[in-house]
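Q: The structure follows.
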Amino acid sequence: MTDIEVMDVDDAQPGPSKIREEPISKKTSNLPWIEKYRPQTFEEIVGNEDTITRLSVFATQGNVPNVIIAGPPGVGKTTTILCLAKIMLGPAFKDAVLELNASNDRGIDVVRNKVKMFAQQKVTLPQGKHKIIILDEVDSMTEGAQQALRRTMEIYSNTTRFALACNYSEKVIEPIQSRCAILRYSRLTDAQVLARVIQICEKENVKYTEDGLEAIVFTAQGDMRQALNNLQSTHNGFGEVNSVNVFKVCDEPHPMLIKDMLRSCVEGDIRKAYKVVEHLWNLGYAAEDIIKNIFKVCKNMDLNESIKLAFIKEIGITHQRIIEGLTTLLQMSGLLSRMCMAAQGLKQN
């Protein structure tokens with residue numbers, strides 16, 4: 001009897017522990033790397049050190065002003081705000097923080113209902129602490145919604161602070177800008193992106209080559225989110241991160257082809273340059289894809305400064321025409337001819 005009882009107890013114990021453990025391990029393994037490795041503290045955030053130092057001072061002092069963080073995608077704007085809220089509020093984070101993406105919830109009803117109702121709620125917090133409303137992509141909100149938000153910020157300033165993230169601060173109405181401390185984020189450097197990518201490769205046992213990491217950094221263009229997404233997609237799709245696999249996943253015109261084309265333009269060989277553009281066109285790349293990559297390669301290429309500036313000017317003019325609807329191979333050919341003429345003219349001078 002005793003033996004049976006002991007067996008029953010032993011058999012019963014692994015059951016619940018397995019049920020508890022399996023979902024957790026699956027949950028972690030199935031997470032996208034951008035979420036799995038999202039920084040939880042200011043020290044883990046890559047880049048924009050000066051701005052993050054200012055925010056860490058706000059966090060320690062407790063009395064945070066309303067803030068607008070403006071900058072390009074994938075540089076850590078929302079992550080920074082979440083870190084600030086977690087440090088300030090600690091265990092009260094779940095009850096005292098409302099997070100909304102203003103690109104989805106962009107109308108005046110959202111401000112009147114969700115935002116205003118949360119601002120009115122009573123939450124017990126330590127002295128000097130405030131509830132935090134996080135609005136991501138606030139530059140996507142309609143002007144009416146922004147006007148309503150301005151009034152809400154004013155009325156509930158004693159209990160609630162607003163943290164707004166946007167790509168373009170000029171799209172936020174001036175009355176809101178004047179009520180906030182504006183912090184600007186810049187794109188991450190290639191070295192910062194590369195260091196983080198290598199760190200994650202080591203943690204995830206990713207097989208990679210040097211040219212593969214260079215391709216990840218090139219396709220990201222200072223956007224950490226893009227870099228980690230491309231890294232995970234290439235690793236899951238091909239097993240090895242090399243330049244060929246990265247450009248297959250990202251489906252961008254290969255920068256080596258673009259470099260050859262630009263060198264041909266410098267030498268004035270329009271036929272050779274045209275063959276590259278025609279090849280890319282026949283592969284099915286859109287004019288906008290090609291022109292964006294021409295710009296990305298040109299700005300990082302080792303060229304005579306005058307020639308580089310002349311090329312960038314012509315690329316900019318062509319990009320504007322493409323955006324306006326002139327998406328033809330003839331337009332791309334015109335760009336090549338103007339770049340060849342500009343290079344030859346500068347060489348003669």
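Each chain in the structure tokens gets a letter, A, B, ..., in the order shown, and its residues are numbered from 1; ligands are numbered from 1 in order too.
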Using DSSP assignments from the backbone, pull out every residue in stretch 78-299 of chain A that falls under strand (DSSP E or B) and give it to me as a PyMOL selection string.
A: chain A and resi 97-101+131-136+160-166+181-184+207-208+240-241
Q: Give me, as a PDB file with N, CA and C atoms, in the first residue's frame, all polymer residues having an atom no more than 12 Å from stretch 199-203 of chain A, counting only C-alpha atoms and skipping those fewer than 2 positions away in the same chain.
A:
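Result went into around.pdb, see below:
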```pdb
ATOM      1  N   TRP A  33      12.572  37.447 -33.161  1.00  0.00           N
ATOM      2  CA  TRP A  33      13.764  37.925 -32.446  1.00  0.00           C
ATOM      3  C   TRP A  33      13.657  39.383 -32.044  1.00  0.00           C
ATOM      4  N   ILE A  34      12.893  40.161 -32.791  1.00  0.00           N
ATOM      5  CA  ILE A  34      12.741  41.580 -32.416  1.00  0.00           C
ATOM      6  C   ILE A  34      12.047  41.720 -31.068  1.00  0.00           C
ATOM      7  N   LYS A  36      11.939  38.920 -28.771  1.00  0.00           N
ATOM      8  CA  LYS A  36      12.744  38.107 -27.852  1.00  0.00           C
ATOM      9  C   LYS A  36      13.919  38.905 -27.287  1.00  0.00           C
ATOM     10  N   TYR A  37      14.516  39.755 -28.141  1.00  0.00           N
ATOM     11  CA  TYR A  37      15.689  40.525 -27.724  1.00  0.00           C
ATOM     12  C   TYR A  37      15.393  42.019 -27.573  1.00  0.00           C
ATOM     13  N   ARG A  38      14.125  42.349 -27.371  1.00  0.00           N
ATOM     14  CA  ARG A  38      13.773  43.756 -27.131  1.00  0.00           C
ATOM     15  C   ARG A  38      14.392  44.208 -25.807  1.00  0.00           C
ATOM     16  N   GLU A  44      20.590  48.415 -22.252  1.00  0.00           N
ATOM     17  CA  GLU A  44      20.533  47.462 -23.373  1.00  0.00           C
ATOM     18  C   GLU A  44      20.214  48.145 -24.700  1.00  0.00           C
ATOM     19  N   GLN A 192      26.929  49.936 -35.025  1.00  0.00           N
ATOM     20  CA  GLN A 192      26.003  49.607 -33.929  1.00  0.00           C
ATOM     21  C   GLN A 192      25.086  48.445 -34.316  1.00  0.00           C
ATOM     22  N   VAL A 193      24.576  48.481 -35.551  1.00  0.00           N
ATOM     23  CA  VAL A 193      23.707  47.400 -36.034  1.00  0.00           C
ATOM     24  C   VAL A 193      24.498  46.093 -36.107  1.00  0.00           C
ATOM     25  N   LEU A 194      25.712  46.176 -36.657  1.00  0.00           N
ATOM     26  CA  LEU A 194      26.548  44.983 -36.824  1.00  0.00           C
ATOM     27  C   LEU A 194      26.866  44.331 -35.478  1.00  0.00           C
ATOM     28  N   ALA A 195      27.221  45.148 -34.484  1.00  0.00           N
ATOM     29  CA  ALA A 195      27.565  44.615 -33.154  1.00  0.00           C
ATOM     30  C   ALA A 195      26.387  43.852 -32.549  1.00  0.00           C
ATOM     31  N   ARG A 196      25.189  44.408 -32.685  1.00  0.00           N
ATOM     32  CA  ARG A 196      23.990  43.764 -32.125  1.00  0.00           C
ATOM     33  C   ARG A 196      23.654  42.472 -32.883  1.00  0.00           C
ATOM     34  N   VAL A 197      23.814  42.510 -34.209  1.00  0.00           N
ATOM     35  CA  VAL A 197      23.522  41.329 -35.038  1.00  0.00           C
ATOM     36  C   VAL A 197      24.471  40.178 -34.683  1.00  0.00           C
ATOM     37  N   ASN A 205      23.138  30.674 -32.178  1.00  0.00           N
ATOM     38  CA  ASN A 205      23.990  29.729 -32.933  1.00  0.00           C
ATOM     39  C   ASN A 205      23.742  29.807 -34.437  1.00  0.00           C
ATOM     40  N   VAL A 206      23.722  31.031 -34.948  1.00  0.00           N
ATOM     41  CA  VAL A 206      23.485  31.260 -36.374  1.00  0.00           C
ATOM     42  C   VAL A 206      24.801  31.106 -37.133  1.00  0.00           C
ATOM     43  N   LYS A 207      24.765  30.319 -38.207  1.00  0.00           N
ATOM     44  CA  LYS A 207      25.943  30.160 -39.063  1.00  0.00           C
ATOM     45  C   LYS A 207      25.957  31.329 -40.049  1.00  0.00           C
ATOM     46  N   TYR A 208      27.060  32.076 -40.065  1.00  0.00           N
ATOM     47  CA  TYR A 208      27.098  33.268 -40.935  1.00  0.00           C
ATOM     48  C   TYR A 208      28.476  33.461 -41.551  1.00  0.00           C
ATOM     49  N   THR A 209      28.489  34.269 -42.635  1.00  0.00           N
ATOM     50  CA  THR A 209      29.754  34.679 -43.266  1.00  0.00           C
ATOM     51  C   THR A 209      29.872  36.194 -43.115  1.00  0.00           C
ATOM     52  N   GLY A 212      27.732  38.020 -45.452  1.00  0.00           N
ATOM     53  CA  GLY A 212      26.325  37.898 -45.062  1.00  0.00           C
ATOM     54  C   GLY A 212      25.924  38.966 -44.067  1.00  0.00           C
ATOM     55  N   LEU A 213      26.800  39.210 -43.079  1.00  0.00           N
ATOM     56  CA  LEU A 213      26.521  40.261 -42.092  1.00  0.00           C
ATOM     57  C   LEU A 213      26.549  41.639 -42.749  1.00  0.00           C
ATOM     58  N   ILE A 216      23.256  42.102 -44.359  1.00  0.00           N
ATOM     59  CA  ILE A 216      22.216  42.409 -43.359  1.00  0.00           C
ATOM     60  C   ILE A 216      22.264  43.891 -43.004  1.00  0.00           C
ATOM     61  N   MET A 224      17.222  48.801 -36.799  1.00  0.00           N
ATOM     62  CA  MET A 224      17.530  47.568 -36.063  1.00  0.00           C
ATOM     63  C   MET A 224      16.442  46.522 -36.246  1.00  0.00           C
ATOM     64  N   ALA A 227      16.960  44.836 -39.515  1.00  0.00           N
ATOM     65  CA  ALA A 227      18.156  43.981 -39.472  1.00  0.00           C
ATOM     66  C   ALA A 227      17.837  42.629 -38.826  1.00  0.00           C
ATOM     67  N   LEU A 228      17.137  42.646 -37.685  1.00  0.00           N
ATOM     68  CA  LEU A 228      16.839  41.403 -36.973  1.00  0.00           C
ATOM     69  C   LEU A 228      15.809  40.559 -37.724  1.00  0.00           C
ATOM     70  N   ASN A 229      14.845  41.210 -38.365  1.00  0.00           N
ATOM     71  CA  ASN A 229      13.874  40.469 -39.178  1.00  0.00           C
ATOM     72  C   ASN A 229      14.564  39.772 -40.348  1.00  0.00           C
ATOM     73  N   LEU A 231      17.732  38.963 -40.572  1.00  0.00           N
ATOM     74  CA  LEU A 231      18.621  37.931 -40.026  1.00  0.00           C
ATOM     75  C   LEU A 231      17.836  36.654 -39.719  1.00  0.00           C
ATOM     76  N   GLN A 232      16.706  36.802 -39.019  1.00  0.00           N
ATOM     77  CA  GLN A 232      15.906  35.632 -38.658  1.00  0.00           C
ATOM     78  C   GLN A 232      15.321  34.948 -39.894  1.00  0.00           C
ATOM     79  N   THR A 234      16.505  34.920 -42.980  1.00  0.00           N
ATOM     80  CA  THR A 234      17.566  34.232 -43.731  1.00  0.00           C
ATOM     81  C   THR A 234      17.985  32.955 -43.009  1.00  0.00           C
ATOM     82  N   HIS A 235      18.122  33.045 -41.684  1.00  0.00           N
ATOM     83  CA  HIS A 235      18.528  31.873 -40.891  1.00  0.00           C
ATOM     84  C   HIS A 235      17.474  30.765 -40.995  1.00  0.00           C
ATOM     85  N   GLY A 239      19.374  28.516 -43.424  1.00  0.00           N
ATOM     86  CA  GLY A 239      20.318  27.897 -42.497  1.00  0.00           C
ATOM     87  C   GLY A 239      21.625  28.652 -42.364  1.00  0.00           C
ATOM     88  N   GLU A 240      22.099  29.252 -43.442  1.00  0.00           N
ATOM     89  CA  GLU A 240      23.347  30.027 -43.395  1.00  0.00           C
ATOM     90  C   GLU A 240      23.093  31.452 -43.858  1.00  0.00           C
ATOM     91  N   VAL A 241      23.657  32.413 -43.118  1.00  0.00           N
ATOM     92  CA  VAL A 241      23.492  33.825 -43.476  1.00  0.00           C
ATOM     93  C   VAL A 241      24.693  34.250 -44.309  1.00  0.00           C
TER      94      VAL A 241
END
```
Q: Which residue, A:Gly222, A:Gly76, A:Gly284, A:Pro32, has the smallest gap to A:Thr51 when you use only C-alpha atoms?
A: A:Gly76
Q: Could you pull the residues within 12 Å of A:Pro126, counting only C-alpha atoms, minus those fewer than 6 positions along the same chain, as a ChimeraX atom specification?
A: /A:62-63,88-92,96,159
Q: Hey, can you spit out that residue selection with N, CA, C and O atoms as a tab-separated table (two decimals), in the first residue's frame?
A:
```
chain	number	residue	atom	x	y	z
A	62	GLY	N	11.72	61.02	-11.28
A	62	GLY	CA	10.31	60.67	-11.11
A	62	GLY	C	9.34	61.61	-11.80
A	62	GLY	O	8.40	61.17	-12.42
A	63	ASN	N	9.57	62.91	-11.75
A	63	ASN	CA	8.63	63.86	-12.33
A	63	ASN	C	8.93	64.07	-13.82
A	63	ASN	O	9.62	65.00	-14.21
A	88	MET	N	10.02	53.61	-13.89
A	88	MET	CA	9.29	54.55	-13.02
A	88	MET	C	8.20	53.88	-12.20
A	88	MET	O	8.04	54.16	-11.02
A	89	LEU	N	7.43	53.00	-12.84
A	89	LEU	CA	6.22	52.48	-12.20
A	89	LEU	C	6.40	51.10	-11.55
A	89	LEU	O	5.61	50.72	-10.69
A	90	GLY	N	7.41	50.36	-11.97
A	90	GLY	CA	7.69	49.06	-11.37
A	90	GLY	C	6.49	48.13	-11.41
A	90	GLY	O	5.91	47.91	-12.49
A	91	PRO	N	6.06	47.59	-10.27
A	91	PRO	CA	4.94	46.62	-10.24
A	91	PRO	C	3.62	47.21	-10.73
A	91	PRO	O	2.72	46.49	-11.14
A	92	ALA	N	3.48	48.54	-10.66
A	92	ALA	CA	2.21	49.18	-11.06
A	92	ALA	C	2.12	49.38	-12.58
A	92	ALA	O	1.14	49.94	-13.07
A	96	ALA	N	-1.03	51.11	-14.62
A	96	ALA	CA	-0.85	52.56	-14.78
A	96	ALA	C	-0.37	52.98	-16.16
A	96	ALA	O	-0.04	54.14	-16.38
A	159	THR	N	-2.26	64.03	-12.96
A	159	THR	CA	-2.23	62.57	-12.71
A	159	THR	C	-1.62	61.76	-13.85
A	159	THR	O	-1.25	60.60	-13.65
```
Q: With only C-alpha atoms as the atoms that count, which of A:Asp109, A:Lys171, A:Ala163, A:Phe247 lies nearest to A:Gly144?
A: A:Asp109
Q: Write out as a VMD selection string the set of residues from stretch 198-347 of chain A that DSSP, computed on the backbone, places in alpha helix (DSSP H).
A: chain A and resid 198 to 204 210 to 220 224 to 238 243 to 250 255 to 267 270 to 282 287 to 300 305 to 323 329 to 347
Q: Give the answer as one residue: which of A:Leu98, A:Leu303, A:Leu183, A:Leu31 has the shortest atom-to-atom distance to A:Ile52, using only C-alpha atoms?
A: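 Between A:Leu98, A:Leu303, A:Leu183, A:Leu31, the residue approaching A:Ile52 most closely is A:Leu183.
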Q: For atom CA of A:Gly325 and atom CA of A:Asn293, determine how far apart the two atoms are, in Å to one decimal place.
A: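 One can read the atom CA of A:Gly325 to atom CA of A:Asn293 distance as 18.3 Å.
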Q: Pick the closest to A:Leu149 from A:Val111, A:Val244, A:Ala181, A:Met117: which is it, counting only C-alpha atoms?
A: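 Answer, going by the shortest atom-to-atom distance: A:Val111.
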Q: Within 12 Å of A:Cys340, counting only C-alpha atoms, which residues show up once you throw out same-chain ones fewer than 6 positions away? Write them as a ChimeraX atom specification, please.
A: /A:261-274,307-308,310-311,314,333-334,346-347
Q: Would you compute the distance between atom CA of A:Lys114 and atom CA of A:Pro175? Give it in Å to one decimal.
A: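 Going from atom CA of A:Lys114 over to atom CA of A:Pro175 covers 21.1 Å.
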Q: Compare A:Asn113, A:Asn245, A:Gln226, A:Ser186 by their minimum atom-to-atom distance to A:Ala70, counting only C-alpha atoms, and give me the closest one.
A: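 Checking each candidate against A:Ala70, we get A:Ser186 as the closest.
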Q: Identify which of the residues A:Gln221, A:Thr80, A:Thr327, A:Asn66 lies closest to A:Glu49, counting only C-alpha atoms when measuring atom-to-atom distances.
A: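 Among the listed residues, A:Thr80 lies closest to A:Glu49.
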Q: Quick check, in Å to one decimal: how far apart do atom CA of A:Leu335 and atom CA of A:Cys250 lie?
A: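 Between these atoms lies a distance of 24.9 Å.
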Q: Need to verify the contact set: A:Ala85, 12 Å, only C-alpha atoms, exclusion of same-chain residues closer than 3 positions in sequence. Can you return it as a PyMOL selection string?
A: chain A and resi 40-42+55-56+58-60+62-64+78-82+88-99+129-134+161-163
Q: Once you have the residues from the selection above, write them out as a CSV table (one decimal), in the first residue's frame, restricted to N, CA, C and O atoms.
A:
```csv
chain,number,residue,atom,x,y,z
A,40,GLN,N,15.1,45.7,-22.2
A,40,GLN,CA,14.3,45.9,-21.0
A,40,GLN,C,14.8,47.0,-20.1
A,40,GLN,O,14.1,47.4,-19.3
A,41,THR,N,16.0,47.4,-20.4
A,41,THR,CA,16.6,48.5,-19.6
A,41,THR,C,17.3,49.5,-20.5
A,41,THR,O,17.6,49.2,-21.7
A,42,PHE,N,17.6,50.7,-20.0
A,42,PHE,CA,18.2,51.7,-20.8
A,42,PHE,C,19.6,51.3,-21.3
A,42,PHE,O,20.0,51.6,-22.4
A,55,LEU,N,16.7,60.8,-20.6
A,55,LEU,CA,15.5,60.0,-20.1
A,55,LEU,C,15.8,59.3,-18.8
A,55,LEU,O,14.9,59.2,-18.0
A,56,SER,N,17.0,58.8,-18.7
A,56,SER,CA,17.3,58.0,-17.4
A,56,SER,C,17.3,59.0,-16.2
A,56,SER,O,16.9,58.6,-15.1
A,58,PHE,N,15.3,61.6,-16.1
A,58,PHE,CA,13.8,61.8,-15.8
A,58,PHE,C,13.3,60.6,-15.0
A,58,PHE,O,12.5,60.8,-14.0
A,59,ALA,N,13.7,59.4,-15.3
A,59,ALA,CA,13.2,58.2,-14.6
A,59,ALA,C,13.6,58.2,-13.1
A,59,ALA,O,12.8,57.8,-12.3
A,60,THR,N,14.9,58.6,-12.8
A,60,THR,CA,15.3,58.6,-11.4
A,60,THR,C,14.7,59.7,-10.6
A,60,THR,O,14.4,59.5,-9.5
A,62,GLY,N,11.7,61.0,-11.3
A,62,GLY,CA,10.3,60.7,-11.1
A,62,GLY,C,9.3,61.6,-11.8
A,62,GLY,O,8.4,61.2,-12.4
A,63,ASN,N,9.6,62.9,-11.7
A,63,ASN,CA,8.6,63.9,-12.3
A,63,ASN,C,8.9,64.1,-13.8
A,63,ASN,O,9.6,65.0,-14.2
A,64,VAL,N,8.4,63.2,-14.6
A,64,VAL,CA,8.7,63.2,-16.1
A,64,VAL,C,7.7,64.2,-16.8
A,64,VAL,O,6.5,64.1,-16.5
A,78,THR,N,9.8,53.4,-29.3
A,78,THR,CA,8.8,52.8,-28.4
A,78,THR,C,9.5,52.0,-27.3
A,78,THR,O,9.0,52.0,-26.1
A,79,THR,N,10.5,51.3,-27.6
A,79,THR,CA,11.3,50.5,-26.6
A,79,THR,C,11.8,51.4,-25.4
A,79,THR,O,11.7,51.1,-24.3
A,80,THR,N,12.3,52.6,-25.8
A,80,THR,CA,12.8,53.6,-24.8
A,80,THR,C,11.6,54.0,-23.9
A,80,THR,O,11.8,54.0,-22.6
A,81,ILE,N,10.5,54.3,-24.4
A,81,ILE,CA,9.3,54.7,-23.6
A,81,ILE,C,8.9,53.6,-22.7
A,81,ILE,O,8.6,53.9,-21.5
A,82,LEU,N,8.8,52.4,-23.2
A,82,LEU,CA,8.4,51.2,-22.3
A,82,LEU,C,9.4,51.0,-21.2
A,82,LEU,O,9.0,50.8,-20.1
A,88,MET,N,10.0,53.6,-13.9
A,88,MET,CA,9.3,54.6,-13.0
A,88,MET,C,8.2,53.9,-12.2
A,88,MET,O,8.0,54.2,-11.0
A,89,LEU,N,7.4,53.0,-12.8
A,89,LEU,CA,6.2,52.5,-12.2
A,89,LEU,C,6.4,51.1,-11.5
A,89,LEU,O,5.6,50.7,-10.7
A,90,GLY,N,7.4,50.4,-12.0
A,90,GLY,CA,7.7,49.1,-11.4
A,90,GLY,C,6.5,48.1,-11.4
A,90,GLY,O,5.9,47.9,-12.5
A,91,PRO,N,6.1,47.6,-10.3
A,91,PRO,CA,4.9,46.6,-10.2
A,91,PRO,C,3.6,47.2,-10.7
A,91,PRO,O,2.7,46.5,-11.1
A,92,ALA,N,3.5,48.5,-10.7
A,92,ALA,CA,2.2,49.2,-11.1
A,92,ALA,C,2.1,49.4,-12.6
A,92,ALA,O,1.1,49.9,-13.1
A,93,PHE,N,3.1,48.9,-13.3
A,93,PHE,CA,3.2,49.1,-14.8
A,93,PHE,C,1.9,48.7,-15.5
A,93,PHE,O,1.4,49.5,-16.3
A,94,LYS,N,1.4,47.5,-15.2
A,94,LYS,CA,0.2,47.0,-15.9
A,94,LYS,C,-1.0,47.8,-15.7
A,94,LYS,O,-1.8,48.0,-16.6
A,95,ASP,N,-1.2,48.4,-14.5
A,95,ASP,CA,-2.4,49.1,-14.2
A,95,ASP,C,-2.3,50.6,-14.6
A,95,ASP,O,-3.3,51.3,-14.8
A,96,ALA,N,-1.0,51.1,-14.6
A,96,ALA,CA,-0.8,52.6,-14.8
A,96,ALA,C,-0.4,53.0,-16.2
A,96,ALA,O,0.0,54.1,-16.4
A,97,VAL,N,-0.3,52.0,-17.1
A,97,VAL,CA,0.1,52.4,-18.5
A,97,VAL,C,-0.9,52.0,-19.5
A,97,VAL,O,-1.4,50.8,-19.5
A,98,LEU,N,-1.2,52.9,-20.4
A,98,LEU,CA,-2.1,52.6,-21.6
A,98,LEU,C,-1.2,52.8,-22.8
A,98,LEU,O,-0.7,53.8,-23.0
A,99,GLU,N,-1.2,51.7,-23.6
A,99,GLU,CA,-0.4,51.8,-24.9
A,99,GLU,C,-1.3,51.6,-26.1
A,99,GLU,O,-2.1,50.7,-26.2
A,129,LYS,N,4.6,59.9,-8.7
A,129,LYS,CA,4.5,59.1,-9.9
A,129,LYS,C,3.2,59.4,-10.6
A,129,LYS,O,2.2,59.8,-10.0
A,130,HIS,N,3.2,59.2,-11.9
A,130,HIS,CA,2.0,59.5,-12.7
A,130,HIS,C,1.7,58.3,-13.6
A,130,HIS,O,2.5,57.5,-14.0
A,131,LYS,N,0.4,58.2,-14.0
A,131,LYS,CA,0.0,57.2,-15.0
A,131,LYS,C,0.7,57.7,-16.3
A,131,LYS,O,0.9,58.9,-16.5
A,132,ILE,N,0.9,56.7,-17.2
A,132,ILE,CA,1.6,57.1,-18.5
A,132,ILE,C,0.7,56.5,-19.7
A,132,ILE,O,0.3,55.4,-19.7
A,133,ILE,N,0.4,57.4,-20.6
A,133,ILE,CA,-0.3,57.0,-21.8
A,133,ILE,C,0.7,57.1,-23.0
A,133,ILE,O,1.3,58.1,-23.3
A,134,ILE,N,1.0,55.9,-23.6
A,134,ILE,CA,1.9,55.8,-24.7
A,134,ILE,C,1.2,55.8,-26.0
A,134,ILE,O,0.3,54.9,-26.3
A,161,ARG,N,0.8,61.4,-17.6
A,161,ARG,CA,1.9,61.9,-18.5
A,161,ARG,C,1.7,61.2,-19.8
A,161,ARG,O,1.3,60.1,-19.9
A,162,PHE,N,2.0,62.0,-20.9
A,162,PHE,CA,1.9,61.4,-22.2
A,162,PHE,C,3.3,61.2,-22.9
A,162,PHE,O,4.1,62.1,-22.8
A,163,ALA,N,3.5,60.0,-23.4
A,163,ALA,CA,4.7,59.8,-24.2
A,163,ALA,C,4.4,59.4,-25.6
A,163,ALA,O,3.7,58.4,-25.9
```
